[in-house]
>>> print(open('final_4.cif').read())   # mmCIF, C-alpha atoms
data_input
loop_
_atom_site.label_atom_id
_atom_site.label_comp_id
_atom_site.auth_asym_id
_atom_site.auth_seq_id
_atom_site.Cartn_x
_atom_site.Cartn_y
_atom_site.Cartn_z
CA MET A 23 76.73 53.70 26.26
CA ASP A 24 79.49 54.05 23.65
CA ILE A 25 77.58 51.73 21.32
CA GLU A 26 74.51 53.98 21.52
CA LYS A 27 76.58 57.06 20.67
CA SER A 28 78.08 55.34 17.62
CA GLN A 29 74.66 54.62 16.16
CA PRO A 30 73.34 57.13 13.62
CA GLN A 31 70.65 59.39 15.01
CA ARG A 32 67.11 58.65 13.88
CA ILE A 33 64.36 61.12 14.76
CA ALA A 34 60.68 60.75 13.90
CA LEU A 35 58.01 63.44 13.70
CA ILE A 36 54.45 62.18 14.00
CA ASP A 37 51.47 64.46 13.49
CA GLY A 38 47.73 64.09 13.11
CA ASN A 39 46.23 64.67 9.68
CA SER A 40 43.80 67.64 9.72
CA PHE A 41 43.83 67.09 13.47
CA TYR A 42 40.79 69.10 14.56
CA CYS A 43 38.69 67.61 11.78
CA SER A 44 39.97 64.12 12.55
CA CYS A 45 38.95 64.53 16.20
CA GLU A 46 35.41 65.37 15.10
CA ARG A 47 35.36 62.32 12.84
CA VAL A 48 36.46 60.05 15.70
CA MET A 49 33.23 60.81 17.52
CA ARG A 50 31.07 61.11 14.39
CA PRO A 51 32.15 58.48 11.83
CA SER A 52 29.37 59.65 9.52
CA LEU A 53 31.61 62.62 8.66
CA GLU A 54 34.17 60.34 6.98
CA GLY A 55 34.51 61.19 3.30
CA LYS A 56 32.62 64.47 3.63
CA PRO A 57 34.13 67.94 3.20
CA LEU A 58 34.58 69.29 6.73
CA VAL A 59 36.02 72.47 8.21
CA VAL A 60 36.50 73.58 11.81
CA LEU A 61 35.88 77.27 12.45
CA SER A 62 37.81 79.70 14.63
CA ASN A 63 36.50 81.61 17.63
CA ASN A 64 33.08 83.14 16.99
CA ASP A 65 32.76 80.86 13.95
CA GLY A 66 34.82 83.32 11.94
CA CYS A 67 37.05 81.39 9.53
CA ALA A 68 38.33 77.92 8.67
CA ILE A 69 41.27 76.83 10.84
CA ALA A 70 41.23 73.14 9.84
CA ARG A 71 40.15 71.43 6.62
CA THR A 72 39.83 67.86 5.45
CA GLN A 73 41.23 66.89 2.07
CA GLU A 74 37.69 66.88 0.68
CA ALA A 75 37.30 70.52 1.78
CA LYS A 76 40.67 71.44 0.26
CA ASP A 77 39.55 69.86 -3.00
CA LEU A 78 36.65 72.34 -3.05
CA GLY A 79 39.21 75.15 -3.12
CA ILE A 80 38.76 76.21 0.52
CA LYS A 81 41.89 77.98 1.76
CA MET A 82 43.18 78.08 5.32
CA GLY A 83 41.64 81.08 7.05
CA ALA A 84 38.76 81.38 4.55
CA PRO A 85 35.93 83.42 6.16
CA TRP A 86 32.85 81.32 6.84
CA PHE A 87 30.49 83.82 5.21
CA LYS A 88 32.39 83.39 1.93
CA ILE A 89 32.23 79.58 1.87
CA ARG A 90 28.91 78.84 3.57
CA HIS A 91 27.21 78.48 0.17
CA LEU A 92 29.21 75.26 -0.28
CA ALA A 93 27.12 73.69 2.50
CA ASP A 94 24.11 73.66 0.17
CA SER A 95 25.90 73.04 -3.12
CA HIS A 96 28.56 70.49 -2.05
CA GLY A 97 27.54 69.23 1.38
CA LEU A 98 30.24 71.14 3.28
CA VAL A 99 30.02 70.59 7.04
CA ALA A 100 31.29 73.37 9.35
CA LEU A 101 31.76 72.92 13.10
CA SER A 102 32.77 75.28 15.89
CA ALA A 103 36.16 74.57 17.45
CA ASN A 104 35.79 72.13 20.36
CA PHE A 105 39.12 72.54 22.16
CA SER A 106 38.13 70.40 25.14
CA LEU A 107 37.71 67.44 22.79
CA TYR A 108 40.89 68.19 20.82
CA GLY A 109 43.01 68.55 23.94
CA ASP A 110 41.78 65.27 25.40
CA LEU A 111 42.34 63.28 22.20
CA SER A 112 45.74 64.93 21.80
CA GLN A 113 46.80 63.66 25.21
CA ARG A 114 45.63 60.16 24.34
CA MET A 115 47.47 60.25 21.02
CA MET A 116 50.71 61.46 22.64
CA ASN A 117 50.50 58.70 25.27
CA VAL A 118 50.24 56.06 22.55
CA ILE A 119 53.10 57.56 20.52
CA GLY A 120 55.29 57.71 23.63
CA GLN A 121 55.11 53.93 23.97
CA PHE A 122 57.51 53.56 21.03
CA SER A 123 60.46 55.42 22.57
CA PRO A 124 61.64 56.50 26.02
CA ARG A 125 62.41 59.96 24.63
CA GLN A 126 59.54 62.08 23.36
CA GLU A 127 59.10 65.80 22.80
CA ILE A 128 55.54 67.03 22.35
CA TYR A 129 55.93 69.90 19.91
CA SER A 130 52.31 71.00 19.52
CA ILE A 131 48.78 69.73 20.07
CA ASP A 132 49.12 67.35 17.10
CA GLU A 133 52.92 66.95 16.65
CA SER A 134 55.43 64.88 18.55
CA PHE A 135 59.12 64.11 18.07
CA LEU A 136 60.42 60.64 18.96
CA ASP A 137 64.03 59.51 19.26
CA LEU A 138 64.17 56.16 17.43
CA THR A 139 67.96 55.85 17.66
CA GLY A 140 68.90 52.28 18.52
CA ILE A 141 65.34 50.97 18.39
CA GLU A 142 64.99 47.78 16.37
CA GLY A 143 63.13 47.87 13.09
CA SER A 144 63.34 49.84 9.88
CA GLY A 145 61.89 53.31 9.67
CA ARG A 146 59.04 52.08 7.52
CA GLU A 147 58.25 49.26 9.96
CA LEU A 148 58.27 51.55 12.98
CA GLY A 149 56.38 54.32 11.20
CA GLY A 150 53.73 51.89 10.01
CA ALA A 151 53.36 50.45 13.51
CA ILE A 152 52.94 53.92 15.03
CA ARG A 153 50.32 54.89 12.46
CA GLN A 154 48.41 51.64 12.92
CA ARG A 155 48.34 51.82 16.72
CA VAL A 156 47.31 55.47 16.91
CA ARG A 157 44.58 54.86 14.35
CA GLN A 158 43.29 51.76 16.15
CA TRP A 159 43.55 52.98 19.74
CA VAL A 160 42.66 56.67 19.32
CA GLY A 161 41.10 56.92 15.86
CA ILE A 162 43.37 59.68 14.52
CA PRO A 163 45.08 59.21 11.11
CA THR A 164 48.74 60.26 11.20
CA CYS A 165 51.82 60.67 9.04
CA VAL A 166 55.37 59.82 10.11
CA GLY A 167 58.57 61.48 8.91
CA ILE A 168 61.99 60.14 9.92
CA GLY A 169 65.38 61.81 9.51
CA PRO A 170 68.79 62.21 11.15
CA THR A 171 67.82 65.70 12.43
CA LYS A 172 64.62 67.37 13.59
CA THR A 173 64.44 69.57 10.49
CA LEU A 174 64.83 66.57 8.17
CA ALA A 175 62.19 64.71 10.20
CA LYS A 176 59.80 67.64 9.63
CA LEU A 177 60.67 67.66 5.95
CA ALA A 178 60.14 63.89 5.72
CA ASN A 179 56.76 64.32 7.38
CA HIS A 180 55.83 66.89 4.73
CA LEU A 181 56.74 64.40 1.99
CA ALA A 182 54.77 61.65 3.76
CA LYS A 183 51.67 63.85 3.50
CA LYS A 184 52.18 65.01 -0.07
CA VAL A 185 53.35 61.81 -1.82
CA PRO A 186 50.58 59.18 -1.84
CA ARG A 187 52.86 56.26 -2.75
CA LEU A 188 54.74 56.71 0.54
CA GLN A 189 51.55 55.64 2.36
CA GLY A 190 52.04 58.07 5.21
CA VAL A 191 55.64 57.14 6.12
CA CYS A 192 58.82 58.76 4.76
CA ASP A 193 62.25 57.68 6.03
CA LEU A 194 65.10 60.00 5.02
CA ALA A 195 67.43 58.64 7.70
CA ARG A 196 68.30 55.58 5.61
CA LEU A 197 69.37 57.69 2.61
CA ASP A 198 72.79 59.15 1.93
CA GLN A 199 73.14 62.89 1.29
CA PRO A 200 72.84 62.77 -2.53
CA ALA A 201 69.63 60.73 -2.26
CA ARG A 202 68.25 63.08 0.40
CA LEU A 203 68.99 66.09 -1.80
CA LYS A 204 67.08 64.44 -4.60
CA ALA A 205 64.07 64.01 -2.33
CA MET A 206 64.38 67.58 -1.00
CA ARG A 207 64.01 69.01 -4.49
CA HIS A 208 60.29 68.27 -4.17
CA VAL A 209 59.86 70.54 -1.11
CA PRO A 210 59.31 74.27 -1.86
CA ILE A 211 61.42 76.61 0.22
CA GLU A 212 58.37 78.13 1.95
CA ASP A 213 57.47 74.68 3.34
CA VAL A 214 60.81 74.21 5.11
CA TRP A 215 60.63 74.35 8.91
CA GLY A 216 62.23 77.61 10.01
CA VAL A 217 61.68 79.43 6.71
CA GLY A 218 57.99 79.96 6.04
CA ARG A 219 56.37 82.53 3.79
CA ARG A 220 58.08 85.50 5.46
CA LEU A 221 61.64 84.55 4.46
CA ALA A 222 60.77 82.69 1.27
CA PRO A 223 60.71 85.75 -1.08
CA ALA A 224 64.20 86.88 -0.02
CA LEU A 225 65.59 83.36 -0.48
CA GLN A 226 63.88 82.97 -3.85
CA ALA A 227 65.49 86.24 -4.96
CA MET A 228 68.83 84.51 -4.31
CA GLY A 229 67.84 81.53 -6.48
CA ILE A 230 66.91 79.31 -3.51
CA TYR A 231 63.59 77.71 -4.46
CA THR A 232 63.64 74.31 -2.73
CA ALA A 233 64.90 72.64 0.42
CA ALA A 234 67.71 71.10 -1.66
CA ASP A 235 68.83 74.56 -2.78
CA LEU A 236 68.97 75.74 0.84
CA ALA A 237 70.87 72.65 1.98
CA ARG A 238 73.68 73.50 -0.48
CA GLN A 239 74.23 77.00 0.92
CA ASN A 240 77.16 78.08 3.07
CA PRO A 241 75.82 78.40 6.67
CA ASN A 242 78.19 81.29 7.44
CA GLN A 243 76.91 83.33 4.51
CA ILE A 244 73.29 82.58 5.42
CA GLN A 245 73.97 83.66 9.00
CA ALA A 246 75.54 86.92 7.82
CA GLN A 247 72.60 87.73 5.53
CA PHE A 248 69.75 86.39 7.68
CA SER A 249 70.17 84.88 11.16
CA VAL A 250 71.76 82.19 13.31
CA VAL A 251 68.46 80.31 13.28
CA LEU A 252 68.37 80.02 9.49
CA ALA A 253 72.05 79.00 9.46
CA LYS A 254 71.14 76.15 11.81
CA THR A 255 68.37 75.14 9.42
CA VAL A 256 70.95 74.86 6.63
CA LYS A 257 73.15 72.65 8.80
CA GLU A 258 70.20 70.51 9.83
CA LEU A 259 69.24 69.97 6.18
CA ASP A 260 72.83 68.86 5.63
CA GLY A 261 72.42 66.24 8.37
CA GLN A 262 74.14 68.13 11.22
CA ASP A 263 72.21 68.00 14.50
CA CYS A 264 71.75 71.61 15.70
CA VAL A 265 68.24 71.81 17.21
CA GLN A 266 68.31 70.59 20.79
CA TRP A 267 65.73 68.36 22.41
CA GLU A 268 63.34 69.92 24.90
CA ASP A 269 62.42 67.12 27.28
CA ALA A 270 60.20 69.60 29.12
CA PRO A 271 58.56 72.60 27.44
CA PRO A 272 60.30 75.88 28.36
CA ALA A 273 58.46 78.30 30.60
CA LYS A 274 56.64 81.01 28.68
CA GLN A 275 58.02 84.51 29.03
CA GLN A 276 54.58 86.01 28.40
CA ILE A 277 51.12 84.54 28.87
CA MET A 278 48.29 86.03 26.84
CA CYS A 279 44.59 85.34 27.18
CA SER A 280 42.23 87.32 24.97
CA ARG A 281 38.97 86.79 23.08
CA SER A 282 36.83 88.46 20.47
CA PHE A 283 33.31 88.87 21.80
CA GLY A 284 30.29 87.13 20.33
CA ARG A 285 28.37 90.43 20.50
CA PRO A 286 29.48 94.04 21.01
CA VAL A 287 29.96 94.95 24.68
CA THR A 288 29.27 98.42 26.07
CA GLU A 289 28.87 97.98 29.83
CA LEU A 290 31.83 98.22 32.22
CA ALA A 291 30.44 95.35 34.31
CA ASP A 292 30.54 92.99 31.34
CA LEU A 293 34.13 93.97 30.56
CA LYS A 294 35.11 93.40 34.20
CA GLN A 295 33.60 89.94 34.11
CA ALA A 296 35.25 89.01 30.81
CA LEU A 297 38.68 90.21 31.94
CA ALA A 298 38.30 88.38 35.26
CA VAL A 299 37.69 85.12 33.39
CA PHE A 300 40.67 85.73 31.08
CA THR A 301 42.89 86.65 34.05
CA GLU A 302 41.96 83.48 35.92
CA ARG A 303 42.84 81.32 32.91
CA ALA A 304 46.16 83.10 32.46
CA ALA A 305 46.92 82.75 36.17
CA HIS A 306 46.29 79.00 36.01
CA LYS A 307 48.79 78.67 33.15
CA LEU A 308 51.26 80.72 35.17
CA ARG A 309 50.96 78.38 38.16
CA LEU A 310 51.37 75.31 35.96
CA GLN A 311 54.88 76.46 35.08
CA GLN A 312 55.53 77.46 38.73
CA CYS A 313 56.15 81.10 37.94
CA VAL A 314 55.04 84.51 39.14
CA THR A 315 54.26 87.69 37.25
CA GLN A 316 55.29 91.24 38.13
CA ALA A 317 53.39 93.20 35.45
CA ILE A 318 50.11 92.81 33.56
CA GLN A 319 49.03 94.41 30.31
CA VAL A 320 45.29 95.01 29.90
CA PHE A 321 43.61 96.06 26.66
CA ILE A 322 40.16 96.64 25.22
CA ARG A 323 39.27 97.66 21.69
CA THR A 324 36.44 98.19 19.26
CA SER A 325 36.18 96.33 15.97
CA PRO A 326 38.29 97.74 13.13
CA PHE A 327 35.74 96.35 10.66
CA ARG A 328 32.46 97.76 12.00
CA ASP A 329 31.17 101.23 11.26
CA GLY A 330 31.21 103.74 14.09
CA PRO A 331 33.77 105.37 16.37
CA LYS A 332 37.00 103.45 17.00
CA TYR A 333 38.89 103.18 20.27
CA THR A 334 41.74 101.09 21.66
CA GLY A 335 42.69 101.32 25.32
CA SER A 336 45.78 99.65 26.76
CA THR A 337 47.86 99.95 29.90
CA VAL A 338 50.48 98.04 31.87
CA ILE A 339 50.15 97.80 35.63
CA GLN A 340 52.93 96.71 37.98
CA VAL A 341 52.12 94.16 40.68
CA ARG A 342 54.08 92.52 43.46
CA PRO A 343 55.40 89.10 42.37
CA THR A 344 52.30 86.91 42.43
CA GLN A 345 50.59 83.86 40.98
CA SER A 346 47.30 84.51 42.78
CA SER A 347 44.19 84.79 40.60
CA SER A 348 42.52 87.12 43.12
CA GLU A 349 45.43 89.54 43.27
CA MET A 350 45.73 89.64 39.50
CA ILE A 351 41.99 90.19 39.00
CA GLN A 352 42.06 93.12 41.43
CA ALA A 353 44.98 94.66 39.53
CA VAL A 354 43.28 94.11 36.17
CA THR A 355 40.07 95.72 37.44
CA ARG A 356 42.02 98.81 38.50
CA ALA A 357 43.72 98.93 35.10
CA LEU A 358 40.38 98.61 33.28
CA ALA A 359 39.01 101.64 35.15
CA LYS A 360 41.85 103.72 33.68
CA ILE A 361 41.25 102.77 30.04
CA TYR A 362 37.48 102.29 29.86
CA ARG A 363 35.50 104.84 27.88
CA PRO A 364 31.69 104.70 27.82
CA HIS A 365 29.50 104.56 24.72
CA TYR A 366 31.87 102.45 22.61
CA LEU A 367 31.02 99.05 21.12
CA TYR A 368 33.88 96.91 22.39
CA ALA A 369 34.71 93.84 20.34
CA LYS A 370 37.76 92.36 22.08
CA ALA A 371 39.62 92.42 25.38
CA GLY A 372 42.54 90.61 26.91
CA VAL A 373 45.31 90.37 29.47
CA CYS A 374 48.98 89.55 29.06
CA LEU A 375 51.16 88.52 32.00
CA LEU A 376 54.60 90.13 31.69
CA ASP A 377 57.91 90.10 33.58
CA ILE A 378 57.51 86.40 34.38
CA CYS A 379 60.10 84.56 36.43
CA ALA A 380 60.37 81.28 38.30
CA GLN A 381 58.79 81.33 41.71
CA SER A 382 61.80 79.60 43.23
CA SER A 383 64.24 82.23 41.92
CA LEU A 384 62.52 85.21 43.50
CA GLN A 385 62.54 86.17 47.14
CA ALA A 386 59.51 88.41 47.33
CA GLN A 387 59.24 91.15 49.95
CA PRO A 388 56.05 90.37 51.89
CA GLY A 389 53.45 93.06 52.37
CA LEU A 390 52.59 94.47 55.79
CA PHE A 391 49.35 92.48 56.02
CA ASP A 392 50.44 89.30 54.18
CA THR A 393 50.00 85.99 55.98
CA LEU A 394 53.34 84.23 56.51
CA ASP A 395 53.92 80.48 56.54
CA GLU A 396 56.44 78.71 58.77
CA SER A 397 59.36 79.65 56.51
CA GLY A 398 58.56 83.35 56.83
CA THR A 399 57.31 83.82 53.27
CA PRO A 400 53.76 84.52 52.02
CA GLY A 401 51.92 81.22 51.85
CA ALA A 402 48.15 81.65 52.30
CA CYS A 403 47.40 82.74 48.73
CA GLU A 404 49.62 80.04 47.26
CA ALA A 405 47.91 77.38 49.36
CA LEU A 406 44.47 78.64 48.35
CA MET A 407 45.40 78.62 44.67
CA GLY A 408 46.76 75.09 45.05
CA VAL A 409 43.46 73.88 46.50
CA MET A 410 41.52 75.60 43.70
CA ASP A 411 43.71 74.05 40.99
CA HIS A 412 43.39 70.60 42.59
CA ILE A 413 39.60 70.81 42.65
CA ASN A 414 39.40 72.06 39.07
CA THR A 415 41.77 69.33 37.89
CA ARG A 416 39.67 66.66 39.54
CA TYR A 417 36.17 67.92 38.76
CA GLY A 418 36.70 69.99 35.61
CA ARG A 419 37.78 73.50 34.68
CA SER A 420 35.77 76.31 36.29
CA THR A 421 34.29 74.05 38.98
CA LEU A 422 35.69 76.58 41.46
CA VAL A 423 36.37 80.15 40.35
CA SER A 424 36.86 83.58 41.83
CA ALA A 425 33.60 85.45 42.47
CA GLN A 426 34.52 88.11 39.90
CA ALA A 427 34.86 85.41 37.23
CA LEU A 428 31.38 83.92 37.69
CA SER A 429 29.65 84.09 34.32
CA ASN A 430 26.91 82.50 32.27
CA GLU A 431 26.67 81.36 28.68
CA VAL A 432 24.41 84.24 27.62
CA ALA A 433 26.83 87.01 28.62
CA PRO A 434 27.40 89.24 25.57
CA TRP A 435 31.18 88.71 25.69
CA GLN A 436 30.91 84.93 25.40
CA MET A 437 32.10 83.55 22.06
CA ARG A 438 29.59 82.68 19.38
CA GLN A 439 29.82 78.91 18.84
CA GLU A 440 26.62 77.88 17.13
CA ARG A 441 28.07 74.68 15.65
CA MET A 442 29.76 73.20 18.71
CA THR A 443 29.78 69.42 19.11
CA PRO A 444 29.51 67.90 22.61
CA ALA A 445 32.49 67.43 24.92
CA TYR A 446 32.15 63.69 24.40
CA THR A 447 35.16 62.62 26.46
CA THR A 448 35.45 65.24 29.21
CA ASP A 449 31.88 65.91 30.42
CA TRP A 450 29.68 63.15 31.82
CA ASN A 451 26.58 65.15 30.87
CA GLN A 452 27.62 65.09 27.20
CA VAL A 453 28.61 61.45 26.82
CA VAL A 454 27.15 59.87 23.69
CA GLU A 455 23.93 57.97 24.40
CA ILE A 456 23.78 54.73 22.41
CA TRP A 457 20.81 53.21 24.17
CA ARG A 458 18.59 54.23 27.02
#
>>> encode(input="final_4.cif", output="structure tokens")
Amino acid sequence: MDIEKSQPQRIALIDGNSFYCSCERVMRPSLEGKPLVVLSNNDGCAIARTQEAKDLGIKMGAPWFKIRHLADSHGLVALSANFSLYGDLSQRMMNVIGQFSPRQEIYSIDESFLDLTGIEGSGRELGGAIRQRVRQWVGIPTCVGIGPTKTLAKLANHLAKKVPRLQGVCDLARLDQPARLKAMRHVPIEDVWGVGRRLAPALQAMGIYTAADLARQNPNQIQAQFSVVLAKTVKELDGQDCVQWEDAPPAKQQIMCSRSFGRPVTELADLKQALAVFTERAAHKLRLQQCVTQAIQVFIRTSPFRDGPKYTGSTVIQVRPTQSSSEMIQAVTRALAKIYRPHYLYAKAGVCLLDICAQSSLQAQPGLFDTLDESGTPGACEALMGVMDHINTRYGRSTLVSAQALSNEVAPWQMRQERMTPAYTTDWNQVVEIWR
């Protein structure tokens, strides 16, 4: 154990290149080499771009109506976001990456930290092996950044993407501090993890233009002028480990589920149905982290961009501590009745679960008509929700839903996804047919 502690820390960050686009290319190899973008909900704007699309000057968030002419002039391909496919391939990719270390932290759908401390092999050897296996077994191209801290691993990953001669792997852990500072001069301050475009102007006004400039700052002065978080970033860039590992993702303090509608909605019944679906999805996320909610925010609004009268309705309703979809849907329906106004063209609605706490930490006062289990606490609803979640996990999401959440694909509130590819890996009815 003492030997392991004496070894220098070596952290890797692995992420998928243009992940959503790469997932589409896994299932459709004919898209390789072509400019490709994935569009946001309702096919609104570009949320992922291949390098070929970036070379056409397409910016992140570019509205589809402004770039659709490139489909005819330059062969641009645009696809609706297929999150079922992306989530499944993400899980496969993370499983492969996790084979290289017993300690892994999944940071996002396409990013994962690995602790390579004490693992045999140079950073370049291990990074190359990870890239090769993920590419061969899953089909996703990746880049690997390695450093003595999480922030330096993120920075190394950025360099691995931007510097072609690194061939997708950058190892800053093997360098001493002067050599690392030399490498960090190539990273603009806005690209440093924990800085971003919001803080960049203030730092630039102080003469801090690169990651190397920030690494040379006094953490105490940075904390006094900005925050503890940015001071930790300075220390991390200096090689001091300050960002802790999260072996399990922390429970969310709020859970939001909202959507922009594919078409304007006017009828109360359609809004009820949409909010019931959103509430059920939020409730499922709540149960996954074994929590309960005690308040729910409900909102509806018209489009700020369309002509006509504008209206935004929002309210927060208190509920007894619950994780039951049915109880939450009933509460949301009551809240909707308070804020609904007829004759408006509603463009978006949503729910946000508030005042969330762990189910185990709360001794709820049962209602007069609640069913009690053997321990004397409400149990019928929890058992029912457990059965529902088990069925949906086994047979697919929405196999079993609350009656209020029954919907069809032609409902006006459903998202517009005219360019959706099949759910190749999660729906037997959409499996690719090679020969019949």
>>> resolve_selection(input="final_4.cif", expression="the PyMOL selection byres ((chain A and resi 298-307) around 8)", output="compact mmCIF listing (two decimals) with C-alpha atoms, keeping the file's coordinate frame")
# COMPACT_ATOMS: atom_id res chain seq x y z
CA ILE A 277 51.12 84.54 28.87
CA MET A 278 48.29 86.03 26.84
CA CYS A 279 44.59 85.34 27.18
CA SER A 280 42.23 87.32 24.97
CA LYS A 294 35.11 93.40 34.20
CA GLN A 295 33.60 89.94 34.11
CA ALA A 296 35.25 89.01 30.81
CA LEU A 297 38.68 90.21 31.94
CA LEU A 308 51.26 80.72 35.17
CA ARG A 309 50.96 78.38 38.16
CA LEU A 310 51.37 75.31 35.96
CA GLN A 311 54.88 76.46 35.08
CA GLN A 345 50.59 83.86 40.98
CA SER A 346 47.30 84.51 42.78
CA SER A 347 44.19 84.79 40.60
CA MET A 350 45.73 89.64 39.50
CA ILE A 351 41.99 90.19 39.00
CA VAL A 354 43.28 94.11 36.17
CA THR A 355 40.07 95.72 37.44
CA GLY A 372 42.54 90.61 26.91
CA VAL A 373 45.31 90.37 29.47
CA CYS A 374 48.98 89.55 29.06
CA LEU A 375 51.16 88.52 32.00
CA ASP A 411 43.71 74.05 40.99
CA VAL A 423 36.37 80.15 40.35
CA SER A 424 36.86 83.58 41.83
CA GLN A 426 34.52 88.11 39.90
CA ALA A 427 34.86 85.41 37.23
CA LEU A 428 31.38 83.92 37.69
>>> residues_around(input="final_4.cif", residues="Ser62 (chain A)", least_positions_apart="5", cutoff="7 Å", atoms="only C-alpha atoms", output="PyMOL selection string")
chain A and resi 67-69+102-103
>>> residues_around(input="final_4.cif", residues="Arg47 (chain A)", least_positions_apart="2", cutoff="12 Å", atoms="all atoms listed in the file", output="number ranges by chain")
A: 39-45, 49-60, 72, 99, 101, 107-108, 111, 157, 160-163, 443
>>> residues_around(input="final_4.cif", residues="Ile413 (chain A)", least_positions_apart="5", cutoff="8 Å", atoms="all atoms listed in the file", output="list in words")
Gly418, Thr421 and Leu422 of chain A
>>> resolve_selection(input="final_4.cif", expression="the PyMOL selection byres ((chain A and resi 156) around 10)", output="PyMOL selection string")
chain A and resi 38+114-119+151-155+157-164
>>> atom_distance(input="final_4.cif", atom1="CA of Ile36 (chain A)", atom2="CA of Arg71 (chain A)")
18.6 Å
>>> atom_distance(input="final_4.cif", atom1="CA of Ala175 (chain A)", atom2="CA of Arg32 (chain A)")
8.6 Å
>>> resolve_selection(input="final_4.cif", expression="the PyMOL selection byres ((chain A and resi 365) around 12)", output="PyMOL selection string")
chain A and resi 286-290+324+330-333+362-364+366-368
>>> closest_residue(input="final_4.cif", among="A:Leu177, A:Met437, A:Pro444, A:Pro30", to="Gly140 (chain A)", atoms="all atoms listed in the file")
A:Pro30
>>> residues_around(input="final_4.cif", residues="Leu236 (chain A)", least_positions_apart="2", cutoff="9 Å", atoms="all atoms listed in the file", output="MDAnalysis selection string")
chainID A and resid 211 225 230:234 238:240 255:256 259
>>> closest_residue(input="final_4.cif", among="A:Ser130, A:Asn104, A:Gln121, A:Gln316", to="Leu61 (chain A)", atoms="all atoms listed in the file")
A:Asn104
>>> atom_distance(input="final_4.cif", atom1="CA of Gln199 (chain A)", atom2="CA of Thr139 (chain A)")
18.6 Å
>>> closest_residue(input="final_4.cif", among="A:Gln31, A:Gln381, A:Gln452, A:Gln262", to="Ala195 (chain A)", atoms="only C-alpha atoms")
A:Gln31
>>> closest_residue(input="final_4.cif", among="A:Leu35, A:Lys172, A:Val454, A:Met410", to="Gln266 (chain A)", atoms="all atoms listed in the file")
A:Lys172
>>> axis_aligned_box(input="final_4.cif", around="region 58-69 of chain A", padding_each_side="6 Å", output="lines of an AutoDock Vina configuration file")
center_x = 37.0
center_y = 76.3
center_z = 12.2
size_x = 20.5
size_y = 26.0
size_z = 22.9
>>> residues_around(input="final_4.cif", residues="Asp193 (chain A)", least_positions_apart="3", cutoff="10 Å", atoms="only C-alpha atoms", output="MDAnalysis selection string")
chainID A and resid 32:34 144:146 149 166:170 174:175 178:179 181:182 188 196:197 202
>>> closest_residue(input="final_4.cif", among="A:Ile322, A:Asp449, A:Val338, A:Gln312", to="Ser382 (chain A)", atoms="all atoms listed in the file")
A:Gln312
